[in-house]
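Asks: My questions all concern the structure below.
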2 protein chains.
Amino acid sequence: MFESLYQSFANTADPSQSAARLAALREELARHGLSGFLVPRADRHQNENVPPSEERLAWLTGFTGSAGLAVVLQDRAVLFVDGRYTLQVKEQVDLSRVEPVPIAQTSPEKWLEKNLGSGMKLGFDPWLHTPGQIEKFEKAAAAAGAELVALAENPIDAIWSDRPPAPQGAVARHPARLAGESAKKKLARVGKALGKADALLVSDPHAVAWAFNIRGKDVAYTPLPLAFALIPKEGKARLYIDPAKLGPALRAYLDERAEIAAPSRLEADLAALGKDGKRVLFDAASAPVKLTRLLKAAGGEPQIGQDPIALMKARKNQAELEGARRAHLRDGIAMLRFLHWFSIEAPKGKLTEIDAAQALETFRRQSRKLRDLSFPTISAAGPNSAIPHYRVTVATNRKIKKGIFLIDSGGQYEDGTTDITRTLAIGTPSQEMRDRFTRVLKGHIAIARALFPKGTSGAQIDALARLSLWQAGLDFDHGTGHGVGSYLSVHEGPQRIAKLGGAALESGMILSNEPGYYKAAEFGIRIENLVAVAPRKIKGAERDMLGFETLTLAPIDLSLVEPKLLDAEEIAWLNAYHARVRKALAPHVEPALRKWLARATKPIGK
Amino acid sequence: MFESLYQSFANTADPSQSAARLAALREELARHGLSGFLVPRADRHQNENVPPSEERLAWLTGFTGSAGLAVVLQDRAVLFVDGRYTLQVKEQVDLSRVEPVPIAQTSPEKWLEKNLGSGMKLGFDPWLHTPGQIEKFEKAAAAAGAELVALAENPIDAIWSDRPPAPQGAVARHPARLAGESAKKKLARVGKALGKADALLVSDPHAVAWAFNIRGKDVAYTPLPLAFALIPKEGKARLYIDPAKLGPALRAYLDERAEIAAPSRLEADLAALGKDGKRVLFDAASAPVKLTRLLKAAGGEPQIGQDPIALMKARKNQAELEGARRAHLRDGIAMLRFLHWFSIEAPKGKLTEIDAAQALETFRRQSRKLRDLSFPTISAAGPNSAIPHYRVTVATNRKIKKGIFLIDSGGQYEDGTTDITRTLAIGTPSQEMRDRFTRVLKGHIAIARALFPKGTSGAQIDALARLSLWQAGLDFDHGTGHGVGSYLSVHEGPQRIAKLGGAALESGMILSNEPGYYKAAEFGIRIENLVAVAPRKIKGAERDMLGFETLTLAPIDLSLVEPKLLDAEEIAWLNAYHARVRKALAPHVEPALRKWLARATKPIGK
């Protein structure tokens, strides 16, 4: 009945190969006179989702997390992971051969400084690291008397005999009615934003997709075309992309807006700019150090900073906001179908986490507009819900029993990207669960209702989501919100609501609002809606004020709400939100669902 | 009857000299082949309060603000000032000869890049700038084809014929019962905190005062001894201080703990460390670039970072906290006498801002424990209260009439430093004033009552002070709180409650809690108490929690409070605070004051 097309639940970790692969790599390194090699979980664009051909770290170690860095020396191999993956890594790698290191305890640079020996040569693939990363590693190596060596070929590729080919996903236009601004205008805007730079090297494929109004199919969960671009201050842009990805109509479209070149041309073009002494702006977060060094060596001036496209892309225009509203209505209908189905099936006690994820994807596909999931669904029962970044596989798949079930999921639609978390009770929740859920809800409402002056950063309002938990001596260890793209990545910067979210929140930015609470090995709670920053008119205001428009439309489980903990304004927000959800979704579903929806969104009192 | 010993109300600005002085400086520069010169408002320690001998900027331009930087070229002179001084500077300088530039609009480095010409040589005194400042200026000059030249002698000193001599304030011991930790233990603690550095060059005199448990009299408002120190990882520290400042007993005390050397010895000692290839830690915020370069040129390794003393000093121990409580009780009694006096005198309509400042200082002196004011009292009537950093002089002195009066002041006592702001109504305040005052009070209470987990920064809670203003489309343009020293500077880092206050709040830190609201040219409001960070026990807490203990003890003007805007918890806080103030102060004053106090602190209802 239900199936998943966009997500695999296979346990892909296979540490059994890692002894042989490490040995082969070490032989390869020795052949080139190297003492070790850096293996980041990265492609040439520092993408969050990378194609199978770039999964070198998983191939070598079995570790499949979305971030990590292995340092392979001749006598030992360590793997740095962040807080999300400290448990997972231990289950995925051969611990007799790979030592996991929590990055919060020891940074790679600290480790290198301590563990590299004098005269050692540590190789790295300069396509897979940013200049900032390598600068830190070089300092650390130098402090240990060792040196970093940029390699012309990645030694893993030399031994990875069945390495998948690079993806050749077809590129499509992103229609002007959805983009809201032509590629021509965008490219001109970018050119004008370059300040003293002669050109911008666009290394983030999300930025390429935005600037040219195109979308691709090269990686999972995000409609990216893997490509670089060079946008000059004035004149025609160049797009470096495999021509095999372009059909004739798209080719014609792009030819009018840019010169199309094979990716292999990029190095020669940058070298030519360097020879002319040009200043090129590179994106510090995604540019390969290969390219900044190449420009410099040729005589040019690399300027490493923020790609101005990041901020342009973050501020959604009216067409994109209208698309987001349509996408969220569609997604809300799927969520309603899922919640209704779940309310009937879950109490029977036979569902598993995979069943729930498959059902939700199926309901989303029923819209016939789903292009992809926006990330692997987190479907987490009981104690698994206490792991904020849990990912279900056949190995971890739990039965959904009485207690808490948490589902965090999203869809990619051509008009918008969604991301929603709902926490559901099966049976009667404990008083503790209701208390925690209501505190998280208070935080969620505080963000949803926030009013703040122009110029306020996400860091300044992050605490609003935590105050109610803090009152009880509780907290959660992730940010309150991340930026979200427009039919692009579900994780987008620079906008954030987090302790270190320094970027000002600007009108049109889309973010998640997702406070949580996690009681290890028992249960977890998260309530997530997407919101868009919007201007707010206030009588007598002396400042330009902003607030949030909540985009997500789906009921919040009232059986987990303790009304006594809510004040009158919070109750009013919850009832108004539910009234809006009901009004929006009811016309699109059959009477039985409408009846269930009315019950699920009925106003509560104190 | 009342007088001020510690504050002058003279209008010290004298722009009439500035034409001649600028001409003399330009001649002096030309003689040395220089195109221009940087004149910062700085001494060798980047002090906030500097001795008269270091007031070069005021001498040259007439500008007396506590921060500023002039760039004097042959054909023009510009003066960069921050938002506090954009109005003041226009009244103080000869605008036909000095162009004020708001630093928020154009940074000095941007200006230099644009306005320096190719081949120009811009001189600077390397004792008066930090390495970070000079690095920025050098980049800017280089971009313009110009260069910065470190001068061996300051050219202003060559032409400033009646320059006051350097101060020789007597140094005194800060008793162990107040410091709570011996200098010996502190110095050992600092040595252990040096990491890879062989020694620490202490350039911040507040840090010197803290580490050696001494206080001085070299500058106004802060009991600083102008001095440098060199604290090695192991072994005896060196204190570079004019021996004329040390009496025999203090000399004996210091001799046991350090080698005492004349300040002129510092350069030779650093050069010797450099010759030995030593790594010396310098404080990025206060170290003169003169010294970091000297060490480097001699072969040493300057490490520019945060002086570890800053954080040690910020975390007050029990003895310091007990001292702070005593100082605040004493200060509260003076404030009570002032408020009572003001309530009788102000309605008569004859008082001026200077009268009020003199009265308050006199009441503080009646304790016989006042050593100094902690800063020039801000005594601001009517529209002057809308200027957050207003400073009254004979030229600006206003009559105190019906409406708002704001007084922001503090004392230096041997056991603690105070800082308090009260906003008072004369006559019946307008509804707008009551509304704004109550919103500011809600922000003040939100900070006072805040509960937050260990690790939380001041930036994370800053918004709590603003939420009620934001609801009405209002805000204020300064931080919510600054750190405060223990019988040291009233402005101390790294602790802050502000948009950019990244340091974690730690138990024992003292900060101000001072939200405000300013309606330009009409009235201003600020409510300021000092608070100390303290651990908080909460039943069932999963995190180590912190909160604030309010130290300041003085009534808040209830005639400005609109109870309808306060919720039950805010009313409870205000009533409990007033009960505490009453209980603490009443035993120390005569019956008439006690009666007035009871009325001023009576509980309010909704």
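Labels for the structure tokens follow display order: chains A, B, ..., residues from 1 in each chain, ligands from 1.
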Residues of chain A were defined as contacting chain B if any atom lay at most 7 Å from it, counting only C-alpha atoms; please report them as a list in words.
Replies: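 Listed by rising number, the hits are Leu451, Phe452, Pro453, Ala459, Gln460, Ile461, Asp462, Ala463, Trp470, Gln471, Ala472, Gly473, Leu474, Lys499, Ile538, Ala541, Glu542, Arg543 and Met545 of chain A.
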Asks: Save out the residues we just selected, N, CA and C atoms, as an mmCIF file, in the first residue's frame.
Replies:
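The resulting file, again_32.cif, is shown below:
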```cif
data_model
loop_
_atom_site.group_PDB
_atom_site.id
_atom_site.type_symbol
_atom_site.label_atom_id
_atom_site.label_comp_id
_atom_site.auth_asym_id
_atom_site.auth_seq_id
_atom_site.Cartn_x
_atom_site.Cartn_y
_atom_site.Cartn_z
ATOM 1 N N LEU A 451 7.862 39.918 17.714
ATOM 2 C CA LEU A 451 7.905 41.201 17.012
ATOM 3 C C LEU A 451 9.273 41.776 17.298
ATOM 4 N N PHE A 452 9.980 42.214 16.265
ATOM 5 C CA PHE A 452 11.338 42.702 16.520
ATOM 6 C C PHE A 452 11.705 43.737 15.459
ATOM 7 N N PRO A 453 12.607 44.681 15.809
ATOM 8 C CA PRO A 453 12.947 45.717 14.846
ATOM 9 C C PRO A 453 13.871 45.191 13.754
ATOM 10 N N ALA A 459 20.161 35.294 16.486
ATOM 11 C CA ALA A 459 20.748 35.018 17.797
ATOM 12 C C ALA A 459 20.015 35.778 18.898
ATOM 13 N N GLN A 460 19.529 36.980 18.557
ATOM 14 C CA GLN A 460 18.887 37.795 19.584
ATOM 15 C C GLN A 460 17.543 37.228 20.035
ATOM 16 N N ILE A 461 16.874 36.480 19.162
ATOM 17 C CA ILE A 461 15.554 35.983 19.569
ATOM 18 C C ILE A 461 15.550 34.497 19.891
ATOM 19 N N ASP A 462 16.699 33.839 19.720
ATOM 20 C CA ASP A 462 16.770 32.390 19.967
ATOM 21 C C ASP A 462 16.275 32.020 21.364
ATOM 22 N N ALA A 463 16.618 32.848 22.357
ATOM 23 C CA ALA A 463 16.254 32.510 23.737
ATOM 24 C C ALA A 463 14.738 32.463 23.954
ATOM 25 N N TRP A 470 13.910 26.841 30.296
ATOM 26 C CA TRP A 470 14.876 27.337 31.282
ATOM 27 C C TRP A 470 14.218 27.488 32.653
ATOM 28 N N GLN A 471 12.969 27.922 32.655
ATOM 29 C CA GLN A 471 12.265 28.091 33.941
ATOM 30 C C GLN A 471 12.246 26.790 34.736
ATOM 31 N N ALA A 472 12.270 25.672 34.016
ATOM 32 C CA ALA A 472 12.242 24.367 34.687
ATOM 33 C C ALA A 472 13.625 23.723 34.727
ATOM 34 N N GLY A 473 14.652 24.483 34.375
ATOM 35 C CA GLY A 473 16.012 23.926 34.400
ATOM 36 C C GLY A 473 16.297 22.998 33.234
ATOM 37 N N LEU A 474 15.592 23.185 32.118
ATOM 38 C CA LEU A 474 15.736 22.310 30.943
ATOM 39 C C LEU A 474 16.217 23.139 29.745
ATOM 40 N N LYS A 499 22.079 30.366 18.700
ATOM 41 C CA LYS A 499 23.008 31.095 19.549
ATOM 42 C C LYS A 499 23.994 31.912 18.721
ATOM 43 N N ILE A 538 2.708 48.560 13.358
ATOM 44 C CA ILE A 538 2.247 48.751 14.735
ATOM 45 C C ILE A 538 1.953 50.230 14.912
ATOM 46 N N ALA A 541 4.547 53.040 16.120
ATOM 47 C CA ALA A 541 5.897 52.463 16.105
ATOM 48 C C ALA A 541 6.927 53.503 15.674
ATOM 49 N N GLU A 542 8.087 53.467 16.285
ATOM 50 C CA GLU A 542 9.184 54.360 15.920
ATOM 51 C C GLU A 542 10.235 53.615 15.101
ATOM 52 N N ARG A 543 10.111 52.299 15.014
ATOM 53 C CA ARG A 543 11.081 51.493 14.268
ATOM 54 C C ARG A 543 10.343 50.694 13.198
ATOM 55 N N MET A 545 9.316 47.415 12.003
ATOM 56 C CA MET A 545 9.195 46.180 12.772
ATOM 57 C C MET A 545 8.965 44.978 11.853
#
```
Asks: Report the closest atom pair, with its distance in Å rounded to one decimal, for each residue of range 255-356 of chain B that has an atom no farther than 12 Å from range 113-125 of chain B; count only C-alpha atoms, sort by chain and then rising residue number, and write it as JSON lines.
Replies:
```
{"residue": "B:Pro288", "atom": "CA", "partner": "B:Asp125", "partner_atom": "CA", "distance": 9.4}
{"residue": "B:Val289", "atom": "CA", "partner": "B:Asp125", "partner_atom": "CA", "distance": 9.2}
{"residue": "B:Lys290", "atom": "CA", "partner": "B:Asp125", "partner_atom": "CA", "distance": 8.3}
{"residue": "B:Leu291", "atom": "CA", "partner": "B:Asp125", "partner_atom": "CA", "distance": 11.8}
```
Asks: Given the selection you just returned, output its residues as a file containing C-alpha atoms, formatted as a PDB file, in the first residue's frame.
Replies:
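Written out: part_19.pdb:
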```
ATOM      1  CA  PRO B 288      50.629  48.761  22.248  1.00  0.00           C
ATOM      2  CA  VAL B 289      51.784  47.653  18.813  1.00  0.00           C
ATOM      3  CA  LYS B 290      55.128  49.169  19.850  1.00  0.00           C
ATOM      4  CA  LEU B 291      55.689  46.217  22.182  1.00  0.00           C
TER       5      LEU B 291
END
```
Asks: Excluding Arg177 in chain B and any residue of its chain fewer than 6 positions from it, enumerate the residues within 12 Å of it, using only C-alpha atoms, and give them as a list of chain:residue names.
Replies: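 Once the nearby chain positions are removed, what remains is B:Asn213, B:Asn317, B:Gln318, B:Ala319, B:Glu320, B:Leu321, B:Glu322, B:Gly323, B:Glu414, B:Asp415.
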Asks: Let's have the selection written as a compact mmCIF listing (two decimals), in the first residue's frame, with N, CA and C atoms.
Replies:
```txt
# COMPACT_ATOMS: atom_id res chain seq x y z
N ASN B 213 46.84 43.05 43.64
CA ASN B 213 46.03 43.59 44.74
C ASN B 213 46.51 44.99 45.14
N ASN B 317 34.89 36.84 43.60
CA ASN B 317 34.81 35.81 44.64
C ASN B 317 33.89 36.27 45.78
N GLN B 318 33.75 35.42 46.79
CA GLN B 318 32.79 35.73 47.86
C GLN B 318 33.13 37.03 48.57
N ALA B 319 34.42 37.28 48.83
CA ALA B 319 34.82 38.51 49.52
C ALA B 319 34.44 39.73 48.69
N GLU B 320 34.63 39.63 47.39
CA GLU B 320 34.30 40.76 46.51
C GLU B 320 32.78 40.96 46.45
N LEU B 321 32.04 39.85 46.40
CA LEU B 321 30.58 39.98 46.36
C LEU B 321 30.05 40.55 47.67
N GLU B 322 30.63 40.12 48.78
CA GLU B 322 30.19 40.70 50.06
C GLU B 322 30.53 42.18 50.12
N GLY B 323 31.69 42.53 49.60
CA GLY B 323 32.06 43.95 49.52
C GLY B 323 31.06 44.72 48.67
N GLU B 414 35.97 51.41 48.61
CA GLU B 414 37.07 50.44 48.65
C GLU B 414 36.54 49.01 48.51
N ASP B 415 35.30 48.80 48.93
CA ASP B 415 34.76 47.43 48.84
C ASP B 415 33.91 47.19 47.60
```
Asks: Ala19 in chain A: which residues within 9 Å, counting only C-alpha atoms, same-chain residues fewer than 6 positions away excluded, as a PyMOL selection string?
Replies: chain A and resi 60-61+94+97
Asks: What does the file look like for those residues with C-alpha atoms, as a tab-separated table (two decimals), in the first residue's frame?
Replies:
```tsv
chain	number	residue	atom	x	y	z
A	60	LEU	CA	36.55	3.93	3.27
A	61	THR	CA	35.15	3.75	6.79
A	94	ASP	CA	35.32	-0.96	12.53
A	97	ARG	CA	40.76	0.25	12.81
```
Asks: What's the 10 Å shell around Ala166 in chain B, counting only C-alpha atoms, without same-chain residues fewer than 6 positions away, as a list in words?
Replies: Pro51, Pro52, Ser53, Glu54, Asp218 and Leu226 of chain B
Asks: Closest to Ala425 in chain A among A:Ile387, A:Val39, A:Leu560, A:Ala520, using only C-alpha atoms?
Replies: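 Of A:Ile387, A:Val39, A:Leu560, A:Ala520, the one nearest Ala425 in chain A, counting only C-alpha atoms, is A:Leu560.
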Asks: List the spatial neighbours of Arg26 in chain B as a list in words - criterion: any atom at most 9 Å away, only C-alpha atoms, same-chain residues fewer than 2 positions off excluded.
Replies: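 Listing them by chain and then by number gives Arg21, Leu22, Ala23, Ala24, Glu28, Leu29, Ala30, Arg31, Leu34, Ser35, Gly36, Phe37, Val72, Leu73 and Gln74 of chain B.
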